[in-house]
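target.txt follows (compact mmCIF, C-alpha atoms (C1' of nucleotides)):
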```txt
# COMPACT_ATOMS: atom_id res chain seq x y z
CA MET A 256 0.00 0.00 0.00
CA GLU A 257 2.48 2.55 1.18
CA ASP A 258 4.60 0.57 -1.11
CA LYS A 259 3.64 2.67 -4.02
CA SER A 260 4.28 6.01 -2.40
CA GLU A 261 7.58 4.78 -1.06
CA ARG A 262 8.64 3.99 -4.57
CA SER A 263 7.54 7.35 -5.86
CA ARG A 264 9.67 9.03 -3.26
CA LEU A 265 12.64 7.56 -5.05
CA ALA A 266 11.53 8.82 -8.42
CA VAL A 267 13.50 12.01 -8.01
CA PRO A 268 17.01 13.03 -9.09
CA ALA A 269 19.71 10.99 -7.44
CA THR A 270 21.07 14.01 -5.65
CA GLU A 271 17.77 14.27 -3.80
CA ALA A 272 17.10 10.60 -3.35
CA ALA A 273 20.49 10.35 -1.67
CA ARG A 274 19.12 12.02 1.42
CA LEU A 275 16.24 9.59 1.53
CA LEU A 276 18.48 6.61 1.37
CA LEU A 277 20.84 7.83 4.06
CA GLY A 278 19.49 6.49 7.30
CA SER A 279 17.19 4.02 5.61
CA VAL A 280 17.40 0.33 6.39
CA LEU A 281 17.78 -2.36 3.76
CA THR A 282 17.02 -5.94 4.70
CA HIS A 283 17.75 -9.08 2.76
CA ASP A 284 15.95 -12.20 3.86
CA ASP A 285 17.23 -15.17 1.93
CA GLY A 286 15.53 -17.71 4.13
CA GLY A 287 18.13 -17.81 6.85
CA GLU A 288 18.70 -15.07 9.34
CA PRO A 289 17.70 -11.75 7.76
CA VAL A 290 20.47 -9.20 7.57
CA SER A 291 19.71 -5.51 7.85
CA VAL A 292 21.90 -2.57 7.02
CA ARG A 293 21.42 1.04 7.91
CA VAL A 294 22.77 3.00 4.98
CA THR A 295 25.35 5.59 5.94
CA GLU A 296 27.04 6.40 2.68
CA VAL A 297 25.87 6.55 -0.92
CA GLU A 298 27.15 7.78 -4.21
CA ALA A 299 25.01 9.28 -6.95
CA TYR A 300 25.31 8.34 -10.58
CA MET A 301 23.56 10.56 -13.03
CA GLY A 302 23.36 8.52 -16.17
CA ASP A 303 24.27 10.05 -19.48
CA VAL A 304 25.59 13.33 -18.13
CA ASP A 305 27.97 11.57 -15.79
CA PRO A 306 31.29 10.37 -17.18
CA GLY A 307 31.74 8.10 -14.22
CA SER A 308 28.51 6.25 -14.75
CA HIS A 309 28.16 2.89 -16.38
CA ALA A 310 25.30 4.42 -18.32
CA PHE A 311 27.36 7.26 -19.75
CA ARG A 312 27.72 5.56 -23.08
CA GLY A 313 24.15 4.50 -23.32
CA ARG A 314 22.01 1.55 -22.54
CA THR A 315 23.55 -1.88 -22.56
CA ALA A 316 22.58 -5.32 -21.40
CA ARG A 317 24.46 -4.82 -18.18
CA ASN A 318 23.12 -1.47 -17.07
CA ASN A 319 19.64 -2.12 -18.35
CA THR A 320 18.23 -2.15 -14.85
CA MET A 321 19.34 1.40 -14.17
CA PHE A 322 17.22 2.65 -17.02
CA GLY A 323 14.14 1.15 -15.49
CA PRO A 324 11.75 2.47 -12.85
CA ALA A 325 12.91 3.56 -9.41
CA GLY A 326 13.04 1.20 -6.49
CA HIS A 327 14.87 -1.65 -8.14
CA LEU A 328 18.28 -3.02 -7.42
CA TYR A 329 21.09 -2.76 -9.94
CA VAL A 330 23.73 -5.31 -9.11
CA TYR A 331 26.91 -5.71 -11.07
CA PHE A 332 30.06 -7.71 -10.78
CA THR A 333 33.40 -5.95 -10.97
CA TYR A 334 37.11 -6.52 -10.67
CA GLY A 335 36.50 -10.16 -11.12
CA MET A 336 35.50 -10.69 -7.53
CA HIS A 337 33.20 -8.07 -6.14
CA TYR A 338 29.53 -7.27 -6.30
CA CYS A 339 28.19 -3.77 -5.90
CA ALA A 340 24.60 -2.79 -5.31
CA ASN A 341 22.76 0.30 -6.48
CA VAL A 342 19.26 1.48 -5.81
CA VAL A 343 17.69 2.81 -8.98
CA CYS A 344 16.05 6.18 -8.59
CA GLY A 345 14.83 8.97 -10.81
CA GLU A 346 12.16 8.55 -13.42
CA ASP A 347 11.69 5.60 -15.68
CA GLY A 348 14.04 5.93 -18.62
CA HIS A 349 16.60 8.02 -16.76
CA ALA A 350 19.64 6.01 -15.83
CA THR A 351 20.19 7.38 -12.38
CA GLY A 352 21.07 5.35 -9.37
CA LEU A 353 22.64 5.40 -5.97
CA LEU A 354 25.54 3.16 -5.14
CA LEU A 355 25.38 1.82 -1.61
CA ARG A 356 28.88 2.56 -0.40
CA ALA A 357 28.71 1.82 3.28
CA GLY A 358 26.38 1.01 6.12
CA GLU A 359 25.99 -0.21 9.63
CA ILE A 360 24.74 -3.72 10.28
CA VAL A 361 21.68 -3.41 12.49
CA GLY A 362 20.32 -6.91 12.19
CA GLY A 363 21.67 -10.38 11.58
CA VAL A 364 25.12 -9.39 12.67
CA GLU A 365 26.28 -12.93 13.13
CA THR A 366 25.28 -13.97 9.65
CA ALA A 367 26.98 -10.90 8.27
CA ARG A 368 30.13 -11.79 10.15
CA GLU A 369 30.16 -15.25 8.70
CA ARG A 370 29.65 -14.00 5.17
CA ARG A 371 32.48 -11.56 5.64
CA ASN A 372 34.68 -14.22 7.20
CA ASN A 373 34.80 -12.59 10.62
CA PRO A 374 36.63 -9.30 10.18
CA ARG A 375 38.40 -7.73 13.10
CA THR A 376 35.76 -5.16 13.91
CA ASP A 377 32.07 -4.85 13.12
CA LEU A 378 32.82 -1.53 11.52
CA ASP A 379 34.44 -3.41 8.68
CA LEU A 380 31.35 -5.49 7.98
CA ALA A 381 29.84 -3.09 5.50
CA ARG A 382 32.41 -0.41 4.95
CA GLY A 383 32.84 -0.26 1.22
CA PRO A 384 30.41 -1.13 -1.56
CA ALA A 385 31.61 -4.65 -2.20
CA ARG A 386 31.71 -5.46 1.48
CA LEU A 387 28.24 -4.15 2.01
CA ALA A 388 26.92 -6.31 -0.79
CA GLN A 389 28.69 -9.33 0.57
CA ALA A 390 27.45 -8.80 4.10
CA LEU A 391 23.90 -8.60 2.81
CA GLY A 392 24.38 -11.67 0.67
CA ILE A 393 23.64 -9.82 -2.53
CA ASN A 394 24.52 -11.46 -5.81
CA ARG A 395 23.62 -11.12 -9.44
CA ASP A 396 20.39 -12.99 -8.94
CA LEU A 397 19.12 -9.86 -7.26
CA ASP A 398 19.85 -7.64 -10.22
CA GLY A 399 16.58 -5.99 -11.14
CA ALA A 400 14.87 -7.10 -7.95
CA ASP A 401 12.30 -4.87 -6.31
CA VAL A 402 13.65 -3.41 -3.09
CA PHE A 403 10.13 -3.22 -1.71
CA ALA A 404 9.37 -6.90 -2.23
CA ALA A 405 10.74 -10.16 -0.86
CA PRO A 406 13.45 -11.14 -0.40
CA LEU A 407 14.34 -7.48 -0.01
CA ARG A 408 12.83 -4.81 2.15
CA LEU A 409 13.75 -1.16 2.09
CA GLU A 410 12.51 1.06 4.87
CA LEU A 411 12.86 4.73 4.15
CA PRO A 412 12.89 7.17 7.04
CA ALA A 413 9.69 9.13 7.55
CA GLU A 414 11.56 12.29 6.83
CA PRO A 415 14.89 12.87 5.12
CA VAL A 416 17.76 13.36 7.50
CA PRO A 417 18.50 17.01 8.28
CA ALA A 418 20.80 18.63 5.77
CA ASP A 419 23.28 19.54 8.46
CA GLU A 420 23.87 15.89 9.23
CA VAL A 421 24.80 15.08 5.69
CA SER A 422 28.19 15.72 4.16
CA SER A 423 29.09 15.54 0.51
CA GLY A 424 32.30 15.33 -1.41
CA PRO A 425 34.11 13.95 -4.42
CA ARG A 426 33.38 10.40 -5.41
CA VAL A 427 35.75 7.60 -4.81
CA GLY A 428 37.41 5.46 -7.41
CA VAL A 429 35.94 7.38 -10.27
CA SER A 430 38.35 8.58 -12.86
CA GLY A 431 37.64 9.93 -16.24
CA PRO A 432 37.97 12.77 -18.69
CA GLY A 433 37.41 16.06 -17.04
CA GLY A 434 36.60 14.70 -13.83
CA THR A 435 35.55 13.64 -10.55
CA VAL A 436 35.83 16.65 -8.31
CA GLU A 437 33.39 18.41 -10.59
CA TYR A 438 30.76 15.99 -9.37
CA PRO A 439 30.65 16.03 -5.57
CA TRP A 440 28.01 13.37 -5.54
CA ARG A 441 29.11 11.26 -2.64
CA TYR A 442 26.95 11.66 0.42
CA TRP A 443 27.41 10.35 3.90
CA LEU A 444 26.12 10.84 7.41
CA THR A 445 28.45 13.21 9.19
CA GLY A 446 30.50 11.57 11.87
CA GLU A 447 29.57 7.99 11.00
CA PRO A 448 32.44 5.65 11.82
CA THR A 449 31.28 3.19 9.20
CA VAL A 450 31.85 5.58 6.33
CA SER A 451 34.72 4.57 4.13
CA LYS A 452 37.75 6.70 4.42
CA TYR A 453 38.21 9.33 1.78
CA ARG A 454 40.57 8.30 -0.93
CA PRO A 455 41.12 10.52 -3.95
CA ALA A 456 40.65 8.87 -7.29
CA GLN A 457 44.08 8.42 -8.76
CA PRO A 458 44.59 7.86 -12.47
CA LYS A 459 46.57 4.69 -12.08
CA ARG A 460 49.92 5.56 -10.74
CA ARG A 461 50.69 8.34 -8.42
CA PRO A 462 52.40 11.29 -10.02
CA ALA A 463 55.69 11.01 -8.18
CA ALA A 464 56.90 14.21 -6.64
CA GLY A 465 60.31 13.80 -8.18
CA ALA A 466 60.68 13.39 -11.88
CA THR A 467 61.53 9.76 -12.27
CA ALA A 468 58.23 8.87 -13.75
CA ARG A 469 59.31 5.46 -14.70
C1' DG B 3 50.01 3.52 11.50
C1' DC B 4 50.60 3.83 6.45
C1' DT B 5 51.40 2.75 1.29
C1' DC B 6 51.74 -0.47 -2.57
C1' DA B 7 50.70 -4.09 -5.81
C1' DG B 8 48.03 -8.05 -7.07
C1' DA B 9 43.91 -10.79 -7.91
C1' DT B 10 40.31 -12.13 -11.52
C1' DC B 11 36.21 -12.00 -14.88
C1' DA B 12 32.08 -9.80 -17.10
C1' DT B 13 31.42 -6.34 -20.26
C1' DC B 14 32.49 -3.23 -23.93
C1' DT B 15 35.44 -1.52 -28.12
C1' DG C 129 42.38 -7.10 -25.78
C1' DA C 130 41.68 -3.56 -22.22
C1' DT C 131 39.29 -1.83 -18.48
C1' DG C 132 36.90 -1.38 -14.16
C1' DA C 133 31.78 2.59 -9.21
C1' DT C 134 37.30 -2.72 -5.32
C1' DC C 135 39.32 -5.32 -1.47
C1' DT C 136 42.91 -7.68 0.80
C1' DG C 137 47.41 -8.87 2.35
C1' DA C 138 52.18 -7.96 2.88
C1' DG C 139 55.83 -5.02 4.01
C1' DC C 140 57.82 -1.17 6.27
C1' DG C 141 58.27 2.77 9.93
```
Output the file's structure as structure tokens, nothing else.
Amino acid sequence: MEDKSERSRLAVPATEAARLLLGSVLTHDDGGEPVSVRVTEVEAYMGDVDPGSHAFRGRTARNNTMFGPAGHLYVYFTYGMHYCANVVCGEDGHATGLLLRAGEIVGGVETARERRNNPRTDLDLARGPARLAQALGINRDLDGADVFAAPLRLELPAEPVPADEVSSGPRVGVSGPGGTVEYPWRYWLTGEPTVSKYRPAQPKRRPAAGATAR
DNA sequence: GCTCAGATCATCT
DNA sequence: GATGATCTGAGCG
């Protein structure tokens, strides 16, 4: 019922939907112990105007989900070993989405620990997009899944978090022509210990201070 | 505490 | 054939 209005709340530009997602709780119930994550960090991808987006060059089989209606999950496999999860937002036909970068495990901690092979601290359970996906047990089968229907459940906060509790900055790991700092589309909850540490996107090799650029 | 290099495969040119 | 919205482990201070 509220399902429908919840979905429509996501049908706005990613830069706005980001504040809805921050503080929301995503649950994945695969039949075992459900695991819930409170989202603390997201990254906006604005489709065809965004050089860092998978959708920049147009619609393909892989990013097809992002072009669809809001409220679905776009899952992709990268670097040969990691899954990343996005929540599609914006209007149908606009390839905008929000990458779930980090979160705090608020339910099913033990299951999350097992999936992550028992990291040293719970803060590491979902710090980083691939870790978050792993902790939740997300895989490619969930690509295109509805976040408001089983086995997923997304609970948006009644009201967006106050603007003064949200920080924004350059995106991580995004390189490209012209840039990354021009698009400060990474959002996180100020002061959250689970937020991944800022790391500037480096081309490939660090420009050595000296001259011996090998 | 920090920095660096490697792993590994689906997708696109 | 090259690249990538990354993570992890090892090594060093």
Using all atoms listed in the file, find each residue of chain B with at least one atom at most 9 Å away from an atom of chain A; report its shortest atom-to-atom pair and that distance in Å (one decimal), sort the rows by chain and rising residue number, and return the result as a tab-separated table.
```
residue	atom	partner	partner_atom	distance
B:DA9	C1'	A:Gly335	CA	8.1
B:DT10	C1'	A:Gly335	CA	4.3
B:DC11	C1'	A:Gly335	CA	4.2
B:DA12	C1'	A:Phe332	CA	7.0
B:DT13	C1'	A:Arg317	CA	7.4
```
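Residues of protein, DNA or RNA having at least one counted atom within 9 Å of (16.9, 8.8, -14.4), given only C-alpha atoms (C1' of nucleotides), are Ala266, Val267, Pro268, Ala269, Met301, Gly302, Met321, Phe322, Gly323, Pro324, Ala325, Val343, Cys344, Gly345, Glu346, Asp347, Gly348, His349, Ala350, Thr351 and Gly352 of chain A.
One finds atom CA of Arg293 of chain A at 6.3 Å from atom CA of Ile360 of chain A.
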Compute the chain C side of the contact with chain A at 7 Å, counting all atoms listed in the file, and hand it back as a compact mmCIF listing (two decimals) with C-alpha atoms (C1' of nucleotides), in the frame of the given file.
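File produced: selection_20.txt:
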```txt
# COMPACT_ATOMS: atom_id res chain seq x y z
C1' DG C 132 36.90 -1.38 -14.16
C1' DA C 133 31.78 2.59 -9.21
C1' DT C 134 37.30 -2.72 -5.32
```
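When atom C1' of DC6 of chain B is paired with atom C1' of DT136 of chain C, their separation reads 11.9 Å.
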Spatial neighbours of DT5 of chain B, max dist 12 Å, only C-alpha atoms (C1' of nucleotides), sep filter under 3 positions, as a VMD selection string: (chain A and resid 461) or (chain C and resid 138 to 141)
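The space separating atom CA of Arg312 of chain A from atom CA of Leu328 of chain A comes to 20.2 Å.
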Contacts of Gly358 of chain A at 12 Å or less, counting only C-alpha atoms (C1' of nucleotides), minus same-chain residues fewer than 3 places along, as a PDB file with C-alpha atoms, in the frame of the given file?
```pdb
ATOM      1  CA  LEU A 276      18.480   6.610   1.370  1.00  0.00           C
ATOM      2  CA  LEU A 277      20.840   7.830   4.060  1.00  0.00           C
ATOM      3  CA  GLY A 278      19.490   6.490   7.300  1.00  0.00           C
ATOM      4  CA  SER A 279      17.190   4.020   5.610  1.00  0.00           C
ATOM      5  CA  VAL A 280      17.400   0.330   6.390  1.00  0.00           C
ATOM      6  CA  LEU A 281      17.780  -2.360   3.760  1.00  0.00           C
ATOM      7  CA  THR A 282      17.020  -5.940   4.700  1.00  0.00           C
ATOM      8  CA  VAL A 290      20.470  -9.200   7.570  1.00  0.00           C
ATOM      9  CA  SER A 291      19.710  -5.510   7.850  1.00  0.00           C
ATOM     10  CA  VAL A 292      21.900  -2.570   7.020  1.00  0.00           C
ATOM     11  CA  ARG A 293      21.420   1.040   7.910  1.00  0.00           C
ATOM     12  CA  VAL A 294      22.770   3.000   4.980  1.00  0.00           C
ATOM     13  CA  THR A 295      25.350   5.590   5.940  1.00  0.00           C
ATOM     14  CA  GLU A 296      27.040   6.400   2.680  1.00  0.00           C
ATOM     15  CA  VAL A 297      25.870   6.550  -0.920  1.00  0.00           C
ATOM     16  CA  LEU A 354      25.540   3.160  -5.140  1.00  0.00           C
ATOM     17  CA  LEU A 355      25.380   1.820  -1.610  1.00  0.00           C
ATOM     18  CA  VAL A 361      21.680  -3.410  12.490  1.00  0.00           C
ATOM     19  CA  GLY A 362      20.320  -6.910  12.190  1.00  0.00           C
ATOM     20  CA  ASP A 377      32.070  -4.850  13.120  1.00  0.00           C
ATOM     21  CA  LEU A 378      32.820  -1.530  11.520  1.00  0.00           C
ATOM     22  CA  ASP A 379      34.440  -3.410   8.680  1.00  0.00           C
ATOM     23  CA  LEU A 380      31.350  -5.490   7.980  1.00  0.00           C
ATOM     24  CA  ALA A 381      29.840  -3.090   5.500  1.00  0.00           C
ATOM     25  CA  ARG A 382      32.410  -0.410   4.950  1.00  0.00           C
ATOM     26  CA  GLY A 383      32.840  -0.260   1.220  1.00  0.00           C
ATOM     27  CA  PRO A 384      30.410  -1.130  -1.560  1.00  0.00           C
ATOM     28  CA  ALA A 385      31.610  -4.650  -2.200  1.00  0.00           C
ATOM     29  CA  ARG A 386      31.710  -5.460   1.480  1.00  0.00           C
ATOM     30  CA  LEU A 387      28.240  -4.150   2.010  1.00  0.00           C
ATOM     31  CA  ALA A 388      26.920  -6.310  -0.790  1.00  0.00           C
ATOM     32  CA  GLN A 389      28.690  -9.330   0.570  1.00  0.00           C
ATOM     33  CA  ALA A 390      27.450  -8.800   4.100  1.00  0.00           C
ATOM     34  CA  LEU A 391      23.900  -8.600   2.810  1.00  0.00           C
ATOM     35  CA  TRP A 443      27.410  10.350   3.900  1.00  0.00           C
ATOM     36  CA  LEU A 444      26.120  10.840   7.410  1.00  0.00           C
ATOM     37  CA  GLU A 447      29.570   7.990  11.000  1.00  0.00           C
ATOM     38  CA  PRO A 448      32.440   5.650  11.820  1.00  0.00           C
ATOM     39  CA  THR A 449      31.280   3.190   9.200  1.00  0.00           C
ATOM     40  CA  VAL A 450      31.850   5.580   6.330  1.00  0.00           C
ATOM     41  CA  SER A 451      34.720   4.570   4.130  1.00  0.00           C
TER      42      SER A 451
END
```
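Proximity to Asp419 of chain A at 12 Å, evaluated using all atoms listed in the file and with sequence-adjacent residues fewer than 4 positions away removed, yields A:Arg274, A:Pro415, A:Ser423, A:Tyr442, A:Trp443, A:Leu444, A:Thr445, A:Gly446.
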Residues just named, written with C-alpha atoms as an mmCIF file, keeping the file's coordinate frame:
```
data_model
loop_
_atom_site.group_PDB
_atom_site.id
_atom_site.type_symbol
_atom_site.label_atom_id
_atom_site.label_comp_id
_atom_site.auth_asym_id
_atom_site.auth_seq_id
_atom_site.Cartn_x
_atom_site.Cartn_y
_atom_site.Cartn_z
ATOM 1 C CA ARG A 274 19.120 12.020 1.420
ATOM 2 C CA PRO A 415 14.890 12.870 5.120
ATOM 3 C CA SER A 423 29.090 15.540 0.510
ATOM 4 C CA TYR A 442 26.950 11.660 0.420
ATOM 5 C CA TRP A 443 27.410 10.350 3.900
ATOM 6 C CA LEU A 444 26.120 10.840 7.410
ATOM 7 C CA THR A 445 28.450 13.210 9.190
ATOM 8 C CA GLY A 446 30.500 11.570 11.870
#
```
